[in-house]
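Asks: The structure's right below; bear with me while I get my questions together.
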Amino acid sequence: MSIKKVIIIGAGLGGLAAAIRLREKNYQVVVYDTSHTVGGKTKSISQDGFTWGFGASLLTLPHYIDELFLLCNKNPKDYYSYKKLDPVCKYFFSDSTTLETHASKEKLLEEFHYKLNEPKKNIENYLDNIDTIFKHTEHIFLRASLQKWATYFNLKTLKSIFNLWKIGLFNTMFQKNSKRFLNEKTIQLFNRYATYNGSNPYRTPATMNVIAAPEYLQGGFIMEKGMPQVSQAIYKLALEEGIEFVFDTKVDEIFISNNKATGVKINNKIIDADIVVSNVDVHFTYHHLLPNTKKPEHILNQERSTSAIIFYWGMSKVFDKLDVHNIMFSENYAQEFAHIEKGEVYADATIYIFISSKTISGHAPQGMENWFALVNIPHNTGQDWKTQVDICRKQMQSKISKHLGEDIAPYIISEYVNSPETIERDTLSFAGSLYGPSSNNKMSAFMRHPNFSNDIKNLYFAGGSVHPGGGVPLCLMSGKIVADLVE
Ligand SMILES: Cc1cc2nc3c(=O)[nH]c(=O)nc-3n(C[C@H](O)[C@H](O)[C@H](O)COP(=O)(O)OP(=O)(O)OC[C@H]3O[C@@H](n4cnc5c(N)ncnc54)[C@H](O)[C@@H]3O)c2cc1C
């Protein structure tokens with residue numbers, strides 16, 4: 001029997017995971033990418049002796065990466081290592097209270113009790129609840145296609161369906177957490193997890209509390225060489241497995257014949273394939289790569305997740321008050337999200353600062369730090385981003401300086417900036433959204449584009465804009481689901 005050929009458009013994490021898994025099923029796999037390297041939104045940026053990750057920073061569920069290596073009978077440790085962070089994140093509240101979240105449950109409960117007077121039982125109940133939600137949802141929502149009946153016809157899934165009342169579909173995250181915790185700061189801290197997939201805690205269902213589960217129950221991790229190492233390690237494995245990569249090459253169109261994907265068009269040349277997988281944002285895929293195909297407008301026009309303004313700052317000093325991951329909260333979280341809903345940038349937006357150089361040598365010159373300073377803001381609907389970036393820079397510097405007790409501006413010796421406009425331009429994410437459609441609707445998971453086409457045979461989709469969603473672990477799972485469906 002002849003070996004079937006798969007073409008994958010895009011070497012982002014979804015495309016890479018699909019490539020490895022399809023190769024293991026004995027397909028010939030060729031991956032095309034417009035860029036000169038793998039990784040898409042997890043690539044690295046270097047400037048003036050500093051190195052930053054373009055996007056993703058906190059690593060959770062690293063065993064999803066390991067799975068790819070084990071599948072190929074390789075030892076992940078021969079390719080990379082990662083370590084558990086403790087503390088995981090340092091939180092700064094507007095009244096100057098600070099709090100650290102910890103890998104150990106005892107330390108975590110103690111910190112909330114000591115700093116916020118939050119009863120330990122409340123945190124314990126929360127941890128139990130997110131554990132329950134994760135156990136009942138992972139195998140359905142993360143590891144399988146929601147649009148295939150086969151997903152539902154097994155004992156484990158049926159058992160989970162009977163437990164659906166426990167997963168919090170009928171309250172918002174804010175409502176549930178407000179009832180659960182005593183201290184406003186605890187509520188704000190745990191509501192923050194809605195932003196991990198670009199959603200609004202005042203609208204997203206309480207089920208989304210599950211986002212915190214991997215971080216609190218298994219740990220927050222950091223790759224020894226930073227997040228770009230994930231795609232670089234998978235790329236090395238892919239080459240060893242015989243997967244072919246063609247870089248600096250833009251796929252112009254997916255070629256369709258008799259409602260079947262039969263190849264791709266590059267520079268007016270058709271390259272045949274038995275199966276095509278698009279790892280490109282699904283909106284872009286339909287509008288540019290499938291120009292003559294009927295578009296599933298109800299899916300493509302869903303509300304977008306948030307975008308970000310990110311300052312990649314090279315700092316000429318080490319700041320001892322900061323940890324690897326830091327959050328400086330806004331005083332009024334409800335107002336912050338009300339502004340995002342209106343398409344506006346909030347003046348007191350919550351700031352996230354990630355400093356990989358605190359644990360990874362080489363990411364900043366000696367005695368200096370690489371700051372990745374981000375605020376979550378609305379997606380691109382044509383706002384004046386140049387002005388917004390200038391306003392944001394001033395507001396962020398003033399707020400950070402206040403928390404650290406010194407003016408940070410003189411220490412910024414290098415700057416690179418991303419805004420919704422540049423994120424959209426450079427990553428093709430529709431409207432600059434970081435995670436594709438938002439998860440503000442309780443049916444969102446079912447409304448994301450499936451990993452296959454309903455109308456075109458042999459066409460599949462992987463990556464953050466389709467099921468199961470954005471974020472490193474979920475994109476890796478999209479590749480698994482594609483490979484299972486192809487089979
Ligand atoms: C600023 C930011 C912060 C983030 N923070 C986190 C975080 O902390 N934790 C987390 O888990 N996730 C985070 N994410 C999300 C995460 O990085 C993404 O969900 C994930 O990396 C997307 O992977 P993907 O498979 O969708 O592919 P993408 O990364 O979107 O890659 C798609 C690839 O397709 C290529 N391509 C596009 N068009 C074509 C074409 N026509 N022909 C050939 N190739 C093409 C592109 O060059 C690209 O390499 C963040 C994202 C951003 C942008």
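Ordering of the structure tokens sets the chain letters (A, B, ...); residue numbers start at 1 within each chain; ligands are numbered from 1 in the order shown.
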Any idea what's packed within 6 Å of region 431-445 of chain A, counting only C-alpha atoms, ignoring anything in its chain fewer than 5 positions away? Could you give it as a PDB file with C-alpha atoms, in the first residue's frame?
Replies:
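This went into part.pdb:
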ATOM      1  CA  ASN A 197      -7.993  32.178  27.577  1.00  0.00           C
ATOM      2  CA  SER A 199     -12.263  35.787  28.600  1.00  0.00           C
ATOM      3  CA  ARG A 203     -19.371  36.577  31.917  1.00  0.00           C
ATOM      4  CA  THR A 204     -17.467  33.331  31.458  1.00  0.00           C
ATOM      5  CA  PRO A 205     -19.089  30.297  33.153  1.00  0.00           C
ATOM      6  CA  GLU A 303     -16.813  37.228  19.873  1.00  0.00           C
ATOM      7  CA  ARG A 304     -12.992  37.365  20.007  1.00  0.00           C
ATOM      8  CA  SER A 305     -10.812  36.769  23.035  1.00  0.00           C
ATOM      9  CA  THR A 306      -8.746  39.656  24.380  1.00  0.00           C
ATOM     10  CA  SER A 307      -5.547  40.945  22.861  1.00  0.00           C
ATOM     11  CA  HIS A 379      -9.066  42.946  20.305  1.00  0.00           C
ATOM     12  CA  ASN A 380      -8.441  45.144  17.284  1.00  0.00           C
ATOM     13  CA  PRO A 420      -3.254  44.081  18.666  1.00  0.00           C
ATOM     14  CA  ILE A 423       0.003  40.736  16.687  1.00  0.00           C
ATOM     15  CA  GLU A 424      -2.596  40.482  13.909  1.00  0.00           C
ATOM     16  CA  GLY A 464      -5.437  28.014  19.040  1.00  0.00           C
ATOM     17  CA  SER A 465      -8.378  29.323  16.984  1.00  0.00           C
ATOM     18  CA  GLY A 470      -5.686  28.715  22.652  1.00  0.00           C
TER      19      GLY A 470
END
Asks: Residues within 7 Å of ligand 1 should be enumerated using only C-alpha atoms and all ligand atoms and returned as an mmCIF file with C-alpha atoms, in the first residue's frame.
Replies:
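out11.cif was written with the following content:
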data_model
loop_
_atom_site.group_PDB
_atom_site.id
_atom_site.type_symbol
_atom_site.label_atom_id
_atom_site.label_comp_id
_atom_site.auth_asym_id
_atom_site.auth_seq_id
_atom_site.Cartn_x
_atom_site.Cartn_y
_atom_site.Cartn_z
ATOM 1 C CA ILE A 9 0.284 24.586 6.787
ATOM 2 C CA GLY A 10 2.022 26.227 9.734
ATOM 3 C CA ALA A 11 4.673 25.052 12.189
ATOM 4 C CA GLY A 12 2.975 26.463 15.299
ATOM 5 C CA LEU A 13 2.468 24.079 18.214
ATOM 6 C CA GLY A 14 -0.765 22.654 16.806
ATOM 7 C CA GLY A 15 0.874 21.980 13.438
ATOM 8 C CA TYR A 32 5.183 24.611 5.264
ATOM 9 C CA ASP A 33 5.689 27.878 7.141
ATOM 10 C CA THR A 34 6.002 31.470 5.991
ATOM 11 C CA SER A 35 8.491 32.052 8.779
ATOM 12 C CA VAL A 38 9.067 26.833 13.886
ATOM 13 C CA GLY A 39 7.017 27.986 16.869
ATOM 14 C CA GLY A 40 4.618 30.676 15.573
ATOM 15 C CA LYS A 41 3.419 32.634 18.593
ATOM 16 C CA THR A 42 5.985 30.917 20.848
ATOM 17 C CA PHE A 54 7.020 36.419 21.860
ATOM 18 C CA GLY A 55 3.963 35.240 23.792
ATOM 19 C CA ALA A 56 3.374 32.231 26.019
ATOM 20 C CA SER A 57 5.250 32.317 29.330
ATOM 21 C CA LEU A 58 3.751 30.057 32.009
ATOM 22 C CA LEU A 59 4.008 26.358 31.201
ATOM 23 C CA TYR A 196 -5.724 32.748 30.565
ATOM 24 C CA THR A 249 7.205 29.598 2.059
ATOM 25 C CA LYS A 250 3.664 30.917 2.088
ATOM 26 C CA VAL A 251 0.844 28.582 1.164
ATOM 27 C CA ASP A 252 -1.490 30.671 -1.006
ATOM 28 C CA ASN A 279 -2.538 25.366 11.557
ATOM 29 C CA VAL A 280 -3.315 28.918 10.440
ATOM 30 C CA ASP A 281 -5.988 30.956 12.284
ATOM 31 C CA ALA A 308 -2.597 42.625 24.564
ATOM 32 C CA ILE A 310 3.250 44.020 25.435
ATOM 33 C CA ILE A 423 0.003 40.736 16.687
ATOM 34 C CA THR A 427 0.745 36.078 13.574
ATOM 35 C CA LEU A 428 -2.387 36.348 11.398
ATOM 36 C CA SER A 429 -4.546 36.010 14.499
ATOM 37 C CA LEU A 434 -4.453 35.885 21.590
ATOM 38 C CA TYR A 435 -6.713 32.839 21.916
ATOM 39 C CA ALA A 462 -5.176 22.483 14.408
ATOM 40 C CA GLY A 463 -4.160 25.423 16.624
ATOM 41 C CA GLY A 464 -5.437 28.014 19.040
ATOM 42 C CA SER A 465 -8.378 29.323 16.984
ATOM 43 C CA GLY A 470 -5.686 28.715 22.652
ATOM 44 C CA GLY A 471 -2.717 28.157 24.935
ATOM 45 C CA VAL A 472 0.245 25.827 24.703
ATOM 46 C CA PRO A 473 -1.308 22.620 26.130
ATOM 47 C CA CYS A 475 -2.807 23.623 20.902
#
Asks: Excluding Asn209 (chain A) and residues on its chain fewer than 5 positions from it, collect all residues at most 9 Å away from it, counting only C-alpha atoms, and give them as number ranges by chain.
Replies: A: 126, 129-130, 133, 167-168, 173, 177, 190-191, 193-194
Asks: I'd like the neighbourhood of Ala483 (chain A) as a PyMOL selection string, where a residue qualifies if any of its atoms comes within 10 Å (using only C-alpha atoms), though same-chain residues fewer than 4 positions away should be ignored.
Replies: chain A and resi 17-25+277+451+460+462+477-479+487
Asks: Residues of the last selection are to be written out with C-alpha atoms, as a PDB file, in the first residue's frame.
Replies:
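What ended up in out36.pdb:
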ATOM      1  CA  ALA A  17       1.933  18.134  17.303  1.00  0.00           C
ATOM      2  CA  ALA A  18      -0.233  17.005  14.373  1.00  0.00           C
ATOM      3  CA  ALA A  19       2.928  16.389  12.315  1.00  0.00           C
ATOM      4  CA  ILE A  20       4.536  14.101  14.917  1.00  0.00           C
ATOM      5  CA  ARG A  21       1.362  12.159  15.576  1.00  0.00           C
ATOM      6  CA  LEU A  22       0.546  11.660  11.890  1.00  0.00           C
ATOM      7  CA  ARG A  23       4.107  10.600  11.149  1.00  0.00           C
ATOM      8  CA  GLU A  24       3.747   8.009  13.897  1.00  0.00           C
ATOM      9  CA  LYS A  25       0.708   6.718  12.021  1.00  0.00           C
ATOM     10  CA  VAL A 277      -4.069  20.282   7.924  1.00  0.00           C
ATOM     11  CA  ASN A 451     -10.789  20.061  14.006  1.00  0.00           C
ATOM     12  CA  TYR A 460      -8.381  19.332   9.128  1.00  0.00           C
ATOM     13  CA  ALA A 462      -5.176  22.483  14.408  1.00  0.00           C
ATOM     14  CA  MET A 477      -4.021  18.578  22.057  1.00  0.00           C
ATOM     15  CA  SER A 478      -5.534  19.965  18.848  1.00  0.00           C
ATOM     16  CA  GLY A 479      -2.767  18.087  17.015  1.00  0.00           C
ATOM     17  CA  GLU A 487      -7.139   7.777  11.455  1.00  0.00           C
TER      18      GLU A 487
END
Asks: Could you give me the residues within region 215-388 of chain A that DSSP places in alpha helix (DSSP H), as a PyMOL selection string?
Replies: chain A and resi 228-240+282-284+297-300+333-341+385-388
Asks: Take the residues from that selection and put them in a file with C-alpha atoms, as an mmCIF file, in the first residue's frame.
Replies:
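And here is the file that came out, again-v3.cif:
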data_model
loop_
_atom_site.group_PDB
_atom_site.id
_atom_site.type_symbol
_atom_site.label_atom_id
_atom_site.label_comp_id
_atom_site.auth_asym_id
_atom_site.auth_seq_id
_atom_site.Cartn_x
_atom_site.Cartn_y
_atom_site.Cartn_z
ATOM 1 C CA PRO A 228 10.554 28.740 22.487
ATOM 2 C CA GLN A 229 12.389 25.551 23.459
ATOM 3 C CA VAL A 230 9.095 23.617 23.270
ATOM 4 C CA SER A 231 8.774 24.063 19.507
ATOM 5 C CA GLN A 232 12.547 23.746 18.950
ATOM 6 C CA ALA A 233 12.600 20.388 20.774
ATOM 7 C CA ILE A 234 9.583 19.093 18.843
ATOM 8 C CA TYR A 235 11.223 20.302 15.610
ATOM 9 C CA LYS A 236 14.377 18.307 16.406
ATOM 10 C CA LEU A 237 12.249 15.225 17.075
ATOM 11 C CA ALA A 238 10.274 15.828 13.871
ATOM 12 C CA LEU A 239 13.459 15.936 11.759
ATOM 13 C CA GLU A 240 14.648 12.686 13.351
ATOM 14 C CA VAL A 282 -9.292 29.501 11.068
ATOM 15 C CA HIS A 283 -10.654 32.933 10.111
ATOM 16 C CA PHE A 284 -7.628 33.535 7.881
ATOM 17 C CA GLU A 297 -19.939 32.635 9.300
ATOM 18 C CA HIS A 298 -21.704 31.849 12.603
ATOM 19 C CA ILE A 299 -18.464 30.283 13.840
ATOM 20 C CA LEU A 300 -16.083 32.792 12.309
ATOM 21 C CA TYR A 333 -11.503 44.643 38.265
ATOM 22 C CA ALA A 334 -15.147 45.024 37.173
ATOM 23 C CA GLN A 335 -14.365 48.411 35.609
ATOM 24 C CA GLU A 336 -11.323 46.957 33.852
ATOM 25 C CA PHE A 337 -13.463 44.337 32.095
ATOM 26 C CA ALA A 338 -16.265 46.825 31.418
ATOM 27 C CA HIS A 339 -13.716 48.874 29.462
ATOM 28 C CA ILE A 340 -12.502 45.810 27.551
ATOM 29 C CA GLU A 341 -16.133 45.034 26.594
ATOM 30 C CA TRP A 385 -2.929 51.711 18.665
ATOM 31 C CA LYS A 386 0.028 54.036 18.300
ATOM 32 C CA THR A 387 -1.594 56.519 20.684
ATOM 33 C CA GLN A 388 -2.813 53.723 22.982
#
Asks: Might you pull out every residue within 10 Å of region 396-401 of chain A, with only C-alpha atoms counted and same-chain residues fewer than 4 positions away left off, and present them as JSON, numbers by chain?
Replies: {"A": [92, 94, 311, 328, 329, 330, 347, 348, 349, 350, 351, 353, 373, 374, 375, 391, 392, 405, 406, 407, 408, 409, 412]}
Asks: For the residues in that selection, give me N, CA and C atoms as an mmCIF file, in the first residue's frame.
Replies:
data_model
loop_
_atom_site.group_PDB
_atom_site.id
_atom_site.type_symbol
_atom_site.label_atom_id
_atom_site.label_comp_id
_atom_site.auth_asym_id
_atom_site.auth_seq_id
_atom_site.Cartn_x
_atom_site.Cartn_y
_atom_site.Cartn_z
ATOM 1 N N PHE A 92 0.571 41.699 43.437
ATOM 2 C CA PHE A 92 0.601 43.016 44.079
ATOM 3 C C PHE A 92 -0.812 43.596 43.954
ATOM 4 N N SER A 94 -3.725 46.743 44.840
ATOM 5 C CA SER A 94 -3.625 48.200 44.753
ATOM 6 C C SER A 94 -3.334 48.851 46.104
ATOM 7 N N PHE A 311 5.126 45.242 26.311
ATOM 8 C CA PHE A 311 6.434 45.894 26.227
ATOM 9 C C PHE A 311 7.488 44.861 26.586
ATOM 10 N N MET A 328 0.287 42.846 38.874
ATOM 11 C CA MET A 328 -0.070 44.065 39.612
ATOM 12 C C MET A 328 -1.512 44.392 39.241
ATOM 13 N N PHE A 329 -2.401 44.081 40.182
ATOM 14 C CA PHE A 329 -3.838 44.171 39.886
ATOM 15 C C PHE A 329 -4.341 45.607 39.767
ATOM 16 N N SER A 330 -5.438 45.771 39.043
ATOM 17 C CA SER A 330 -6.159 47.050 39.027
ATOM 18 C C SER A 330 -6.952 47.140 40.329
ATOM 19 N N ALA A 347 -7.365 52.608 32.090
ATOM 20 C CA ALA A 347 -6.192 53.370 32.553
ATOM 21 C C ALA A 347 -5.404 52.616 33.637
ATOM 22 N N ASP A 348 -6.129 51.865 34.490
ATOM 23 C CA ASP A 348 -5.462 51.174 35.606
ATOM 24 C C ASP A 348 -5.413 49.667 35.320
ATOM 25 N N ALA A 349 -5.160 49.299 34.062
ATOM 26 C CA ALA A 349 -5.209 47.868 33.682
ATOM 27 C C ALA A 349 -4.233 47.023 34.518
ATOM 28 N N THR A 350 -4.648 45.792 34.808
ATOM 29 C CA THR A 350 -3.789 44.842 35.528
ATOM 30 C C THR A 350 -2.549 44.547 34.678
ATOM 31 N N ILE A 351 -1.387 44.590 35.320
ATOM 32 C CA ILE A 351 -0.129 44.378 34.580
ATOM 33 C C ILE A 351 0.466 43.026 34.942
ATOM 34 N N ILE A 353 3.995 40.916 34.637
ATOM 35 C CA ILE A 353 5.426 41.039 34.295
ATOM 36 C C ILE A 353 6.078 39.667 34.436
ATOM 37 N N ALA A 373 6.275 42.814 29.832
ATOM 38 C CA ALA A 373 5.228 43.488 30.609
ATOM 39 C C ALA A 373 3.979 43.633 29.745
ATOM 40 N N LEU A 374 2.880 42.985 30.186
ATOM 41 C CA LEU A 374 1.680 42.867 29.341
ATOM 42 C C LEU A 374 0.443 43.386 30.051
ATOM 43 N N VAL A 375 -0.430 44.052 29.297
ATOM 44 C CA VAL A 375 -1.786 44.311 29.805
ATOM 45 C C VAL A 375 -2.787 43.703 28.828
ATOM 46 N N ILE A 391 0.116 55.921 25.597
ATOM 47 C CA ILE A 391 -0.590 56.155 26.874
ATOM 48 C C ILE A 391 -0.275 55.012 27.844
ATOM 49 N N CYS A 392 -0.357 53.804 27.322
ATOM 50 C CA CYS A 392 -0.141 52.604 28.144
ATOM 51 C C CYS A 392 1.263 52.582 28.753
ATOM 52 N N GLY A 405 8.517 51.188 44.456
ATOM 53 C CA GLY A 405 9.076 52.254 45.283
ATOM 54 C C GLY A 405 10.240 52.971 44.630
ATOM 55 N N GLU A 406 10.333 52.880 43.310
ATOM 56 C CA GLU A 406 11.383 53.636 42.600
ATOM 57 C C GLU A 406 10.977 53.791 41.131
ATOM 58 N N ASP A 407 11.476 54.842 40.511
ATOM 59 C CA ASP A 407 11.132 55.113 39.114
ATOM 60 C C ASP A 407 11.858 54.119 38.203
ATOM 61 N N ILE A 408 11.095 53.356 37.429
ATOM 62 C CA ILE A 408 11.734 52.322 36.591
ATOM 63 C C ILE A 408 12.205 52.869 35.244
ATOM 64 N N ALA A 409 11.652 54.017 34.821
ATOM 65 C CA ALA A 409 11.921 54.532 33.465
ATOM 66 C C ALA A 409 13.417 54.634 33.127
ATOM 67 N N ILE A 412 15.117 51.420 31.675
ATOM 68 C CA ILE A 412 14.693 50.751 30.431
ATOM 69 C C ILE A 412 15.711 51.114 29.346
#
Asks: One number please: CA of Pro410 (chain A) to CA of Trp371 (chain A), in Å, one decimal.
Replies: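 It comes out at 14.2 Å.
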Asks: Find the spatial neighbours of Ile254 (chain A), counting only C-alpha atoms, within a cut-off of 6 Å - ignore same-chain residues fewer than 6 positions away - and output them as a PyMOL selection string.
Replies: chain A and resi 264+289-290
Asks: Closest to Cys89 (chain A) among A:Val324, A:Val31, A:Leu459, A:Leu474, using only C-alpha atoms?
Replies: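 Under the stated criterion, the closest residue is A:Val324.
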Asks: Calculated over only C-alpha atoms, which of the candidates A:Arg192, A:Gly242, A:Thr98, A:Ala364 has the smallest distance to Ser414 (chain A)?
Replies: A:Ala364
Asks: Tell me, which residues of region 249-468 of chain A carry DSSP strand (DSSP E or B), written as a ChimeraX atom specification?
Replies: /A:253-257,260-266,269-272,275-278,304,307-315,325-328,351-354,369-377,412-418,437,449,452,457,459-461,466
Asks: May I have the residues within 8 Å of region 106-119 of chain A as a short mmCIF file (atom, residue, chain, number, x, y, z; two decimals) with N, CA and C atoms, in the first residue's frame, using only C-alpha atoms and disregarding those fewer than 2 positions away in the same chain?
Replies:
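part-v6.cif written:
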data_model
loop_
_atom_site.label_atom_id
_atom_site.label_comp_id
_atom_site.auth_asym_id
_atom_site.auth_seq_id
_atom_site.Cartn_x
_atom_site.Cartn_y
_atom_site.Cartn_z
N THR A 97 -0.79 45.37 49.41
CA THR A 97 -0.69 43.99 49.90
C THR A 97 0.00 43.16 48.82
N THR A 98 0.89 42.27 49.23
CA THR A 98 1.47 41.33 48.26
C THR A 98 1.20 39.90 48.74
N LEU A 99 1.14 38.98 47.81
CA LEU A 99 0.87 37.58 48.14
C LEU A 99 1.54 36.69 47.10
N GLU A 100 2.07 35.55 47.56
CA GLU A 100 2.68 34.62 46.60
C GLU A 100 1.88 33.33 46.56
N THR A 101 1.67 32.80 45.36
CA THR A 101 1.03 31.48 45.28
C THR A 101 2.16 30.44 45.23
N HIS A 102 1.89 29.30 45.86
CA HIS A 102 2.93 28.30 46.02
C HIS A 102 2.55 26.95 45.44
N ALA A 103 3.61 26.18 45.14
CA ALA A 103 3.40 24.84 44.61
C ALA A 103 2.85 23.92 45.71
N SER A 104 3.28 24.14 46.94
CA SER A 104 2.81 23.26 48.02
C SER A 104 1.47 23.76 48.56
N LYS A 121 -10.21 26.55 54.66
CA LYS A 121 -11.23 25.65 54.12
C LYS A 121 -11.73 26.14 52.75
N ASN A 122 -11.85 27.49 52.62
CA ASN A 122 -12.34 28.04 51.35
C ASN A 122 -11.41 27.71 50.20
N ILE A 123 -10.10 27.81 50.46
CA ILE A 123 -9.13 27.51 49.39
C ILE A 123 -9.16 26.00 49.11
N GLU A 124 -9.27 25.23 50.17
CA GLU A 124 -9.29 23.77 49.99
C GLU A 124 -10.51 23.35 49.15
N PHE A 181 -15.44 32.74 48.39
CA PHE A 181 -14.35 33.34 49.18
C PHE A 181 -14.85 34.55 49.98
N LEU A 182 -14.17 34.83 51.08
CA LEU A 182 -14.54 35.95 51.94
C LEU A 182 -13.89 37.25 51.49
N ASN A 183 -12.61 37.17 51.14
CA ASN A 183 -11.84 38.38 50.88
C ASN A 183 -11.93 38.78 49.39
N LYS A 185 -9.90 40.28 47.64
CA LYS A 185 -8.63 40.07 46.94
C LYS A 185 -8.52 38.60 46.48
N THR A 186 -9.01 37.69 47.30
CA THR A 186 -9.00 36.28 46.89
C THR A 186 -9.89 36.11 45.65
#
Asks: May I ask for the distance between CA of Lys5 (chain A) and CA of Gln28 (chain A), given in Å to one decimal place?
Replies: 4.6 Å
Asks: Interatomic distance between CA of Lys83 (chain A) and CA of Gly469 (chain A)?
Replies: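 Answer for the CA of Lys83 (chain A) to CA of Gly469 (chain A) separation: 24.9 Å.
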